[in-house]
Each structure stands twice: as structure tokens, then as C-alpha cells.
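Undergrad: You'll find upload_30.txt just under this line, and it carries compact mmCIF, C-alpha atoms and all ligand atoms.
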# COMPACT_ATOMS: atom_id res chain seq x y z
CA MET A 1 32.66 1.96 -6.15
CA ASP A 2 31.66 5.02 -4.13
CA ALA A 3 29.45 3.72 -1.34
CA ARG A 4 27.20 6.79 -1.74
CA ASN A 5 26.33 5.74 -5.29
CA GLY A 6 25.12 2.29 -4.41
CA ILE A 7 26.08 -0.85 -2.58
CA GLY A 8 29.79 -0.21 -2.23
CA GLY A 9 32.28 -2.67 -0.76
CA SER A 10 31.99 -1.40 2.81
CA LEU A 11 28.19 -1.87 2.83
CA THR A 12 28.14 -5.42 1.52
CA GLY A 13 26.61 -7.78 4.02
CA LEU A 14 25.26 -5.07 6.30
CA ASP A 15 21.71 -5.43 7.58
CA LEU A 16 20.80 -1.92 6.51
CA ARG A 17 17.44 -1.87 8.27
CA ALA A 18 19.00 -2.92 11.58
CA GLU A 19 21.87 -0.44 11.15
CA ILE A 20 19.47 2.41 10.37
CA ASP A 21 17.44 1.54 13.48
CA ARG A 22 20.62 1.47 15.59
CA LEU A 23 21.85 4.82 14.25
CA ARG A 24 18.43 6.44 14.58
CA LYS A 25 18.54 5.66 18.33
CA GLU A 26 22.21 6.61 18.79
CA ARG A 27 21.76 9.93 16.98
CA ASN A 28 18.33 10.70 18.49
CA ALA A 29 17.18 11.07 14.88
CA VAL A 30 13.72 11.23 13.39
CA ILE A 31 13.23 9.90 9.87
CA LEU A 32 10.62 11.80 7.85
CA ALA A 33 9.47 10.46 4.48
CA HIS A 34 7.24 11.75 1.69
CA TYR A 35 4.61 9.51 0.09
CA TYR A 36 6.65 9.42 -3.14
CA GLN A 37 9.57 7.59 -1.52
CA LYS A 38 10.40 3.93 -2.18
CA PRO A 39 8.23 1.58 -0.06
CA GLU A 40 11.19 0.42 2.05
CA LEU A 41 11.91 4.03 3.05
CA GLN A 42 8.25 4.77 3.79
CA ASP A 43 8.09 1.64 5.94
CA LEU A 44 11.02 2.53 8.18
CA ALA A 45 10.17 6.22 8.57
CA ASP A 46 8.93 7.58 11.88
CA PHE A 47 6.44 9.67 9.95
CA VAL A 48 5.17 9.64 6.35
CA GLY A 49 3.20 12.58 5.04
CA ASP A 50 2.55 15.33 2.51
CA SER A 51 4.57 18.55 2.32
CA LEU A 52 2.47 20.38 4.93
CA ASP A 53 2.43 17.50 7.44
CA LEU A 54 6.18 17.04 7.04
CA SER A 55 6.80 20.77 7.62
CA ARG A 56 4.72 20.64 10.78
CA LYS A 57 6.58 17.56 12.03
CA ALA A 58 9.95 19.20 11.33
CA ALA A 59 8.88 22.32 13.23
CA GLU A 60 7.77 20.42 16.34
CA THR A 61 10.22 17.50 16.65
CA ASP A 62 12.52 17.28 19.68
CA ALA A 63 14.97 14.99 17.86
CA ASP A 64 18.58 16.19 17.40
CA VAL A 65 18.75 15.01 13.79
CA ILE A 66 16.15 15.05 11.01
CA ALA A 67 16.88 12.54 8.24
CA PHE A 68 14.68 13.67 5.38
CA CYS A 69 13.61 11.11 2.81
CA GLY A 70 12.19 13.49 0.25
CA VAL A 71 13.54 16.19 -2.03
CA ARG A 72 15.84 19.09 -1.20
CA PHE A 73 13.21 21.83 -0.85
CA MET A 74 11.49 19.68 1.80
CA ALA A 75 14.70 19.16 3.77
CA GLU A 76 15.48 22.88 3.45
CA THR A 77 12.04 23.69 4.83
CA ALA A 78 12.83 21.45 7.82
CA LYS A 79 16.11 23.35 8.39
CA ILE A 80 14.42 26.76 8.05
CA LEU A 81 11.87 25.76 10.69
CA SER A 82 14.29 23.86 12.97
CA PRO A 83 17.67 25.58 12.56
CA GLU A 84 19.16 24.04 15.70
CA LYS A 85 18.74 20.52 14.30
CA ILE A 86 21.10 18.69 12.00
CA VAL A 87 19.11 18.02 8.81
CA VAL A 88 20.47 15.40 6.41
CA LEU A 89 19.18 14.53 2.94
CA PRO A 90 20.38 11.12 1.69
CA ASP A 91 21.08 12.51 -1.80
CA MET A 92 21.72 16.24 -2.23
CA ASN A 93 20.88 15.94 -5.95
CA ALA A 94 17.22 15.27 -5.08
CA GLY A 95 15.87 18.49 -6.58
CA CYS A 96 12.52 19.35 -8.15
CA SER A 97 11.62 20.53 -11.67
CA LEU A 98 9.38 23.22 -10.21
CA GLU A 99 12.27 24.65 -8.21
CA ASP A 100 14.48 24.53 -11.34
CA SER A 101 11.84 26.42 -13.33
CA CYS A 102 12.01 29.43 -11.01
CA PRO A 103 15.51 30.97 -10.73
CA PRO A 104 15.54 33.55 -7.89
CA ASP A 105 16.92 36.41 -10.04
CA GLN A 106 14.15 35.96 -12.62
CA PHE A 107 11.53 35.70 -9.88
CA ALA A 108 12.83 38.90 -8.26
CA ALA A 109 12.66 40.70 -11.62
CA PHE A 110 9.09 39.43 -12.18
CA ARG A 111 8.06 40.70 -8.75
CA ALA A 112 9.62 44.08 -9.48
CA GLN A 113 7.48 44.33 -12.63
CA HIS A 114 4.34 43.87 -10.51
CA PRO A 115 4.85 46.04 -7.43
CA ASP A 116 1.18 45.95 -6.38
CA HIS A 117 1.10 42.12 -6.25
CA ILE A 118 1.89 39.92 -3.27
CA ALA A 119 3.69 36.63 -3.94
CA LEU A 120 1.86 33.49 -2.91
CA THR A 121 4.38 30.75 -3.59
CA TYR A 122 4.21 26.97 -3.74
CA ILE A 123 6.59 25.31 -1.26
CA ASN A 124 8.30 23.50 -4.20
CA CYS A 125 10.89 26.27 -4.65
CA SER A 126 14.36 27.31 -3.45
CA VAL A 127 15.13 29.00 -0.13
CA GLU A 128 15.90 32.19 -2.09
CA VAL A 129 12.47 32.20 -3.75
CA LYS A 130 10.82 31.57 -0.37
CA ALA A 131 12.74 34.59 0.94
CA LEU A 132 11.36 36.66 -1.97
CA SER A 133 7.79 35.53 -1.24
CA ASP A 134 5.09 36.77 1.13
CA ILE A 135 3.24 33.54 1.89
CA ILE A 136 4.13 29.91 1.12
CA VAL A 137 1.43 27.34 0.37
CA THR A 138 1.32 23.59 -0.12
CA SER A 139 -1.21 21.77 -2.28
CA SER A 140 -3.19 20.86 0.86
CA SER A 141 -3.24 24.41 2.26
CA ALA A 142 -3.40 26.63 -0.85
CA GLU A 143 -7.18 27.00 -0.99
CA LYS A 144 -7.58 27.71 2.72
CA ILE A 145 -4.80 30.29 2.63
CA LEU A 146 -6.09 31.97 -0.52
CA SER A 147 -9.58 32.21 0.99
CA GLN A 148 -8.07 34.46 3.69
CA ILE A 149 -6.70 36.94 1.12
CA PRO A 150 -9.11 39.65 -0.11
CA LYS A 151 -10.35 39.16 -3.67
CA ASP A 152 -9.14 42.58 -4.77
CA GLN A 153 -5.52 41.87 -3.70
CA PRO A 154 -3.41 41.23 -6.85
CA ILE A 155 -1.36 38.04 -6.46
CA ILE A 156 1.57 36.41 -8.22
CA PHE A 157 1.42 32.61 -7.91
CA GLY A 158 4.50 30.52 -8.67
CA PRO A 159 6.13 28.32 -9.67
CA ASP A 160 3.42 25.76 -10.62
CA LYS A 161 1.12 27.12 -13.33
CA HIS A 162 -1.14 24.05 -13.13
CA LEU A 163 -1.75 24.29 -9.37
CA GLY A 164 -2.24 28.06 -9.71
CA GLY A 165 -4.56 27.64 -12.70
CA TYR A 166 -6.60 24.99 -10.90
CA ILE A 167 -7.09 27.25 -7.87
CA ASN A 168 -7.89 30.24 -10.09
CA ARG A 169 -10.66 28.27 -11.79
CA LYS A 170 -12.01 26.69 -8.60
CA MET A 171 -11.98 29.85 -6.50
CA ASP A 172 -12.75 32.35 -9.26
CA ARG A 173 -9.46 34.20 -8.77
CA ASP A 174 -7.14 35.83 -11.27
CA MET A 175 -3.66 35.17 -9.91
CA LEU A 176 -0.78 35.92 -12.25
CA LEU A 177 0.93 32.57 -12.92
CA TRP A 178 4.64 31.76 -13.13
CA PRO A 179 5.09 29.28 -16.03
CA GLY A 180 6.61 26.31 -14.11
CA VAL A 181 5.49 22.67 -14.29
CA CYS A 182 6.21 19.37 -12.55
CA ILE A 183 7.74 17.06 -15.16
CA VAL A 184 6.19 14.06 -13.41
CA HIS A 185 2.55 15.22 -13.44
CA GLU A 186 2.99 16.80 -16.87
CA ALA A 187 3.71 13.32 -18.27
CA PHE A 188 0.23 11.84 -17.78
CA SER A 189 -1.52 11.19 -21.09
CA GLU A 190 -5.17 12.17 -21.54
CA THR A 191 -5.59 9.63 -24.36
CA GLU A 192 -4.22 6.77 -22.26
CA LEU A 193 -6.25 7.91 -19.23
CA LEU A 194 -9.45 7.78 -21.29
CA LYS A 195 -8.55 4.25 -22.50
CA LEU A 196 -8.00 3.18 -18.88
CA LYS A 197 -11.29 4.73 -17.77
CA ALA A 198 -13.07 2.81 -20.53
CA GLN A 199 -11.58 -0.44 -19.16
CA HIS A 200 -12.65 0.47 -15.59
CA PRO A 201 -15.90 2.41 -16.01
CA ASP A 202 -16.74 2.29 -12.28
CA ALA A 203 -13.33 3.49 -11.08
CA PRO A 204 -13.10 7.15 -10.08
CA VAL A 205 -9.96 9.16 -10.90
CA ALA A 206 -8.02 11.00 -8.16
CA ALA A 207 -5.54 13.61 -9.40
CA HIS A 208 -2.92 15.88 -7.83
CA PRO A 209 -3.44 19.57 -8.70
CA GLU A 210 0.04 19.62 -10.30
CA CYS A 211 -1.59 17.73 -13.22
CA PRO A 212 -2.42 19.73 -16.35
CA PRO A 213 -6.08 20.71 -16.95
CA HIS A 214 -6.66 17.95 -19.54
CA VAL A 215 -6.07 15.41 -16.73
CA ILE A 216 -7.82 17.38 -13.95
CA ASP A 217 -10.92 17.63 -16.17
CA HIS A 218 -11.36 13.84 -15.91
CA ALA A 219 -10.82 13.66 -12.13
CA ASP A 220 -13.52 12.86 -9.59
CA TYR A 221 -11.27 14.09 -6.79
CA VAL A 222 -8.42 16.64 -6.89
CA GLY A 223 -6.15 17.10 -3.89
CA SER A 224 -2.77 16.82 -2.24
CA THR A 225 -1.10 13.46 -1.65
CA SER A 226 -2.69 13.19 1.82
CA GLY A 227 -6.04 14.22 0.35
CA ILE A 228 -5.81 11.53 -2.33
CA LEU A 229 -4.89 8.96 0.31
CA ALA A 230 -7.91 9.94 2.42
CA TYR A 231 -10.14 9.76 -0.67
CA ALA A 232 -8.87 6.23 -1.40
CA GLN A 233 -9.98 5.19 2.09
CA SER A 234 -13.38 6.92 2.10
CA MET A 235 -14.59 6.26 -1.48
CA ASP A 236 -17.29 3.64 -2.07
CA ALA A 237 -15.63 2.28 -5.22
CA ASP A 238 -13.39 -0.82 -5.15
CA THR A 239 -10.91 0.52 -7.73
CA LEU A 240 -9.22 3.91 -8.02
CA ILE A 241 -7.21 5.39 -10.88
CA VAL A 242 -4.41 7.42 -9.30
CA ALA A 243 -3.02 10.41 -11.22
CA THR A 244 -0.02 11.26 -9.10
CA GLU A 245 3.40 9.76 -8.42
CA PRO A 246 2.74 6.00 -8.13
CA HIS A 247 4.73 5.34 -4.93
CA ILE A 248 1.78 6.71 -2.94
CA ILE A 249 -0.08 3.53 -3.93
CA HIS A 250 2.04 1.73 -1.31
CA GLN A 251 0.23 3.62 1.49
CA MET A 252 -3.16 3.03 -0.15
CA GLU A 253 -2.56 -0.72 -0.35
CA LYS A 254 -1.56 -0.74 3.32
CA ALA A 255 -4.59 1.32 4.40
CA VAL A 256 -7.25 -0.46 2.30
CA PRO A 257 -5.75 -3.77 1.11
CA HIS A 258 -9.03 -5.05 -0.33
CA LYS A 259 -9.21 -2.21 -2.89
CA THR A 260 -7.37 -1.95 -6.23
CA PHE A 261 -5.24 1.04 -7.21
CA ILE A 262 -4.12 1.67 -10.77
CA GLY A 263 -1.53 4.31 -11.64
CA ALA A 264 -2.67 6.65 -14.43
CA PRO A 265 -0.56 6.07 -17.56
CA GLY A 266 1.92 8.22 -19.39
CA ALA A 267 2.07 8.47 -23.18
CA ASP A 268 3.69 5.03 -23.46
CA GLY A 269 0.66 3.46 -21.77
CA ASN A 270 2.32 2.64 -18.45
CA CYS A 271 2.97 4.74 -15.38
CA ASN A 272 6.75 4.30 -15.08
CA CYS A 273 7.42 7.68 -16.64
CA ASN A 274 5.53 9.20 -13.70
CA ILE A 275 8.07 8.06 -11.12
CA CYS A 276 9.72 11.21 -9.75
CA PRO A 277 13.41 10.89 -10.73
CA TYR A 278 14.45 13.19 -7.86
CA MET A 279 12.57 11.31 -5.14
CA ALA A 280 13.98 8.05 -6.55
CA LEU A 281 17.56 9.13 -5.77
CA ASN A 282 17.11 8.32 -2.07
CA THR A 283 17.94 4.71 -1.14
CA MET A 284 18.39 2.63 2.00
CA GLU A 285 22.16 2.72 1.46
CA LYS A 286 22.27 6.50 1.21
CA LEU A 287 20.00 6.90 4.25
CA TYR A 288 22.30 4.61 6.25
CA LEU A 289 25.35 6.66 5.21
CA ALA A 290 23.59 9.94 5.98
CA LEU A 291 22.80 8.76 9.51
CA ARG A 292 26.30 7.32 9.98
CA ASP A 293 28.22 10.37 8.69
CA LEU A 294 25.62 13.10 9.36
CA GLU A 295 26.20 14.15 5.75
CA PRO A 296 25.07 15.47 3.30
CA ARG A 297 23.80 18.23 5.58
CA ILE A 298 21.48 21.12 4.76
CA GLU A 299 23.10 24.46 5.61
CA ILE A 300 21.40 27.82 5.06
CA GLU A 301 22.89 31.27 5.57
CA GLU A 302 21.13 32.81 8.60
CA GLY A 303 19.93 36.06 6.95
CA MET A 304 18.40 34.11 4.09
CA ARG A 305 16.86 31.60 6.49
CA LEU A 306 15.14 34.32 8.50
CA LYS A 307 13.63 35.88 5.36
CA ALA A 308 12.37 32.49 4.16
CA ARG A 309 11.03 31.69 7.62
CA LYS A 310 8.65 34.69 7.53
CA SER A 311 6.74 33.35 4.54
CA LEU A 312 6.73 29.80 5.95
CA ASP A 313 5.46 31.00 9.34
CA ARG A 314 2.58 32.73 7.58
CA MET A 315 1.79 29.44 5.85
CA LEU A 316 1.77 27.48 9.11
CA ALA A 317 -0.43 30.09 10.82
CA MET A 318 -2.89 30.52 7.94
CA ALA A 319 -3.09 26.78 7.23
CA SER A 320 -4.14 25.89 10.75
CA ALA A 321 -5.83 28.99 12.15
CA THR A 322 -8.92 30.95 11.36
CA VAL A 323 -6.97 34.19 11.31
CA GLY A 324 -7.05 36.59 8.39
CA MET A 325 -4.10 38.43 6.92
CA GLY A 326 -4.60 41.37 9.26
CA ASP A 327 -3.78 39.20 12.26
CA LEU A 328 -0.51 38.09 10.71
CA GLY A 329 0.85 41.54 10.06
CA PRO A 330 0.85 43.44 6.78
CA VAL A 331 1.63 41.45 3.69
CA LYS A 332 2.95 43.90 1.14
CA ILE A 333 5.55 43.70 -1.55
CA GLY A 334 8.92 43.96 0.10
CA SER A 335 7.62 42.50 3.35
CA ALA A 336 9.76 39.47 2.64
CA ASP A 337 12.89 41.65 2.98
P1 LIG A 401 2.08 17.18 -1.56
O1 LIG A 401 2.22 18.39 -0.72
O2 LIG A 401 0.68 16.97 -2.06
O3 LIG A 401 2.60 15.98 -0.86
O4 LIG A 401 2.94 17.38 -2.91
C1 LIG A 401 4.32 17.39 -2.93
C2 LIG A 401 4.85 17.22 -4.29
O5 LIG A 401 5.99 17.45 -4.58
C3 LIG A 401 3.93 16.77 -5.30
O6 LIG A 401 4.61 16.58 -6.50
FE1 LIG A 402 9.01 18.11 -7.85
FE2 LIG A 402 7.23 16.88 -9.38
FE3 LIG A 402 9.03 15.43 -8.08
FE4 LIG A 402 7.03 16.64 -6.72
S1 LIG A 402 6.85 15.01 -8.23
S2 LIG A 402 9.20 16.64 -6.17
S3 LIG A 402 6.80 18.52 -7.93
S4 LIG A 402 9.45 16.94 -9.72
As a first step, turn the structure in this file into C-alpha cells.
Ligand code: 13P
Ligand code: SF4

TA:
Amino acid sequence: MDARNGIGGSLTGLDLRAEIDRLRKERNAVILAHYYQKPELQDLADFVGDSLDLSRKAAETDADVIAFCGVRFMAETAKILSPEKIVVLPDMNAGCSLEDSCPPDQFAAFRAQHPDHIALTYINCSVEVKALSDIIVTSSSAEKILSQIPKDQPIIFGPDKHLGGYINRKMDRDMLLWPGVCIVHEAFSETELLKLKAQHPDAPVAAHPECPPHVIDHADYVGSTSGILAYAQSMDADTLIVATEPHIIHQMEKAVPHKTFIGAPGADGNCNCNICPYMALNTMEKLYLALRDLEPRIEIEEGMRLKARKSLDRMLAMASATVGMGDLGPVKIGSAD
């Protein structure tokens, strides 16, 4: 058996946790993990966070190696921001349906059809699409960033039509939406959610903005993974219905063990269909091998990296500062080139 596909012969009997700890020290590596990772990966990570927090950590770390327990666009973002580091992703097949829904050539053609629009783009996309974009956003920074863009500026928002639609409604904007969806959040069932709410009438619902409107409409709180986690800690209720990828419940149970968290169901009445199949590809075995071999490694052609970096730098500046677009330089179509 190929050791990268599971517990191969050479890994049998290894204390993977101890080996990962040894290699992390030897390599001067930092292990970053997203909230959707398996609990054992979250528990050994040096830092667990949402897409924005993880980008910030990748930009500021002084480690020589970043081992990214997340999906490929997240590891690529780390490489774009920290090109001098070795960035490894335990499984290079850990993609994202939103990225898949937005091929760069089609996105470029769409932009060309709308020359007066700027492209505000969700971080869940390829390096090429980032390079074709003016400003990147995450779910936790999108509203703050949009509030710094004048209302009369036409905007293309991609690739998540549900996140874009949610922000359009909330902020009374009219962004042109790329028709991509997250297959994980798309799978929640309104009918099953209403049945669950009837069983737990006092439990609020927290939803990620990647959910479709028929789920968002039943939510008491809508926000990024870190926002949902904070809501779980601050809410008065004892029970929360969680409409996002269920592995985040691990952090909620650690933070507030006396409360109860229930994953919102899919059409089959349970929440297993809402496990992200891409995030699930990363395992302890593959992380061990990635640290041992420093493979699979993220590599990005330098010209492409620099173009993508511009739109990510604008995100980092606009997400944390009180500056407006004028302070960040002109954002016009073609500025990504
Ligand atoms: P967050 O930025 O909220 O962590 O979202 C990342 C993601 O991929 C959600 O599906
Ligand atoms: Fe992509 Fe959805 Fe998985 Fe997030 S949960 S990585 S948006 S497929």
C-alpha cells in the first residue's frame, strides 16, 4: 500500500503524534489548521482559525516550514504571502468546489464583459483567479471591506453566489454574482432544519454565509467559522444548531463543554453529508509524511504570485485598517495585471 494513501507498512507502529512533534521541531515548522479539520489535526496544530486568521498567521510566522492542514487555496494563500517558506499540504487533492466552479479563463472573459466593474473575490479560488481580481475577501472580512467601497462602484463578486447574495441583501448592494456554490453548505435541508428546530425550540441557529438563503432565513446568527465559534461562547442558550461543516463543533465543545451543539441536517436527516470531502483528505499519516519528506509542496510561478499578492495585500490592509480604497491605490479593472 502507498503510505500516502493510508497506514502503509512503513508507518505501522509509529507514534504519529510523537513523530509529528519531533519533526515540527527539527524542521522549525508551524502547523496551521482550519476549523473543518479532523479533531486530532486541530488538537496538534500550533494555530487553528478561519481563513482570514490563517492568512494572517502565514504572513507573520518566522517558521521555515508551514504545514497547512486545510485545503489547497488556503495553503496557496500561505505561499503567496510567505514565498520564502516551504509550504506543504498533506494531500494536494484537497481542493474546493467553489474554486472548481470558477475556471480562470471563464472568469477573465466575464471580467472583460464588464469593464467598469472591479472584482471583489472570495478567497476560495485559484491563484489565477486571485491574480485576475482587485480585492480578496474572506467571510469574516467581506462586509468590512465592502463598506470601504463606494456604493456607486460596480462590482463583480465571485465565486460564491450565496455569500455574495447574503452581503447584497444585508448591505443593500447590487454586486454581480458569479454562480458558484459550496457543495457542503448547499446540502443543508430546510425541511430537516425546521424539524430539528421544532424539537429544540429554544436553540438558536448559527449559519455560515455560504449557506443558501432558505437556510440563512432561519438563522439567528450568520458569520464566518470564527464568528460562529464566538457566538457559541457568548450566546445565552444552552443548545446551538450549527449550519456549517460539523468539525467546528470540536472547538465549541472544548470552549464551552457544558453546552450542546447539534449539526444542522442534510436531506437524509443527518449531518454526515455536510462533512467537507476535501478537508477530510488530510490525515495524521499524511501530515507526518509531509513533514518528513517536505512534500507535497506548494509552488507558484513568481509572476503569477506577485499578481495574486496585490489583491491579497488589499484584503489584509482593508480587513484590519480604517483606510478607504483611496489609501490603497487605485482599484480599477486591469489593476490586477
Ligand atoms: P471561513 O473563512 O469562515 O473559515 O470559511 C472557510 C470555508 O471554506 C468555509 O467553507
Ligand atoms: Fe470549499 Fe465548501 Fe469545503 Fe469550504 S466547505 S473548503 S467552501 S467545499

Undergrad: Could you give me, as a VMD selection string, every polymer residue with an atom at most 7 Å away from an atom of ligand LIG 402 (chain A), counting only C-alpha atoms and all ligand atoms?

TA: chain A and resid 71 95 to 98 124 182 to 185 245 276 to 279

Undergrad: Residues within 8 Å of (-0.3, 32.7, 0.2), file coordinates, counting only C-alpha atoms: what are they? Give the list as a PyMOL selection string.

TA: chain A and resi 119-121+134-137+142+145-146+149+314-315

Undergrad: Under the rule that all atoms listed in the file are counted, which of A:Ala206, A:Ala59, A:Ile167, A:Ile123 is the nearest residue to A:Ser226?

TA: A:Ala206

Undergrad: Using only C-alpha atoms and all ligand atoms, which of A:Ala75, A:Val88, A:Leu52, A:Leu196 sits nearest ligand LIG 401 (chain A)?

TA: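 Of A:Ala75, A:Val88, A:Leu52, A:Leu196, the one nearest ligand LIG 401 (chain A) is A:Leu52, counting only C-alpha atoms and all ligand atoms.
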
Undergrad: For each of A:Pro39, A:Gly158, A:Pro209, A:Gly263, take the minimum atom-to-atom distance to ligand LIG 401 (chain A), counting all atoms listed in the file, then give the residue where this is smallest.

TA: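 Under the stated criterion, the closest residue is A:Pro209.
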
Undergrad: Determine the nearest neighbour of A:Ile216 from the options A:Ile249, A:Ala108, A:Leu163, A:Met92, counting only C-alpha atoms.

TA: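 Smallest separation from A:Ile216 among the options: A:Leu163.
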
Undergrad: Which chains and residue numbers are within 7 Å of ligand LIG 401 (chain A), counting all atoms listed in the file, if I want them as a list in words?

TA: His34, Tyr35, Gly49, Asp50, Ser51, Leu52, Asn124, Thr138, Ser139, Ser140, Cys182, His208, Glu210, Ser224, Thr225 and Ser226 of chain A

Undergrad: Quick check, in Å to one decimal: how far apart do atom CA of A:Gln233 and atom CA of A:Pro201 lie?

TA: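 Rounded to one decimal, the two atoms are 19.2 Å apart.
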
Undergrad: Measure the distance from atom CA of A:Asp174 to atom CA of A:His117 in Å and round it to one decimal.

TA: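 Those two atoms sit 11.5 Å apart.
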
Undergrad: For a quick check of understanding, using only C-alpha atoms, which of A:Thr239, A:Asn270, A:Ser133, A:Ser234 has the smallest distance to A:Arg111?

TA: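 Between A:Thr239, A:Asn270, A:Ser133, A:Ser234, the residue approaching A:Arg111 most closely is A:Ser133.
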
Undergrad: Find the residue from A:Ala255, A:Ala33, A:Ile241, A:Leu229 that sits nearest to A:Leu194; use only C-alpha atoms when measuring.

TA: A:Ile241

Undergrad: So which residues touch A:His114 within 9 Å, counting all atoms listed in the file, skipping near sequence neighbours fewer than 5 positions away, as a ChimeraX atom specification?

TA: /A:109,154,156

Undergrad: Grab the atom CA of A:Asp100 to atom CA of A:Glu186 distance for me, in Å with one decimal place.

TA: 14.9 Å

Undergrad: Need to verify the contact set: A:Asp15, 12 Å, all atoms listed in the file, exclusion of same-chain residues closer than 6 positions in sequence. Can you return it as a PyMOL selection string?

TA: chain A and resi 7+21-22+284-285+288

Undergrad: What residues have an atom no more than 9 Å from (-2.2, 6.1, -15.0) in the file's own frame, counting all atoms listed in the file, and can you write them as a PDB file with C-alpha atoms, keeping the file's coordinate frame?

TA:
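Generated output (selection13.pdb):
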ATOM      1  CA  PHE A 188       0.230  11.840 -17.780  1.00  0.00           C
ATOM      2  CA  SER A 189      -1.520  11.190 -21.090  1.00  0.00           C
ATOM      3  CA  GLU A 192      -4.220   6.770 -22.260  1.00  0.00           C
ATOM      4  CA  LEU A 193      -6.250   7.910 -19.230  1.00  0.00           C
ATOM      5  CA  LEU A 196      -8.000   3.180 -18.880  1.00  0.00           C
ATOM      6  CA  ILE A 241      -7.210   5.390 -10.880  1.00  0.00           C
ATOM      7  CA  VAL A 242      -4.410   7.420  -9.300  1.00  0.00           C
ATOM      8  CA  ALA A 243      -3.020  10.410 -11.220  1.00  0.00           C
ATOM      9  CA  THR A 244      -0.020  11.260  -9.100  1.00  0.00           C
ATOM     10  CA  PRO A 246       2.740   6.000  -8.130  1.00  0.00           C
ATOM     11  CA  ILE A 262      -4.120   1.670 -10.770  1.00  0.00           C
ATOM     12  CA  GLY A 263      -1.530   4.310 -11.640  1.00  0.00           C
ATOM     13  CA  ALA A 264      -2.670   6.650 -14.430  1.00  0.00           C
ATOM     14  CA  PRO A 265      -0.560   6.070 -17.560  1.00  0.00           C
ATOM     15  CA  GLY A 266       1.920   8.220 -19.390  1.00  0.00           C
ATOM     16  CA  GLY A 269       0.660   3.460 -21.770  1.00  0.00           C
ATOM     17  CA  ASN A 270       2.320   2.640 -18.450  1.00  0.00           C
ATOM     18  CA  CYS A 271       2.970   4.740 -15.380  1.00  0.00           C
ATOM     19  CA  ASN A 274       5.530   9.200 -13.700  1.00  0.00           C
TER      20      ASN A 274
END

Undergrad: I'd like a table as CSV: residues in stretch 111-178 of chain A with an atom no more than 12 Å from stretch 293-301 of chain A, each row giving the shortest atom pair and its distance in Å to one decimal, all atoms listed in the file counted, sorted by chain and rising residue number.

TA:
residue,atom,partner,partner_atom,distance
A:Ser126,CA,A:Ile300,CA,11.1
A:Val127,CA,A:Ile300,CA,8.2
A:Glu128,CA,A:Ile300,CA,10.0
A:Ala131,CA,A:Glu301,CA,11.6

Undergrad: Find the residues near A:Arg17: any atom within 12 Å, counting all atoms listed in the file, skip ones fewer than 4 places away on the same chain, and give them as a list in words.

TA: Gly13, Asp21, Arg22, Leu23, Arg24, Glu40, Leu41, Asp43, Leu44, Ala45, Thr283, Met284, Glu285, Lys286, Leu287, Tyr288 and Leu291 of chain A
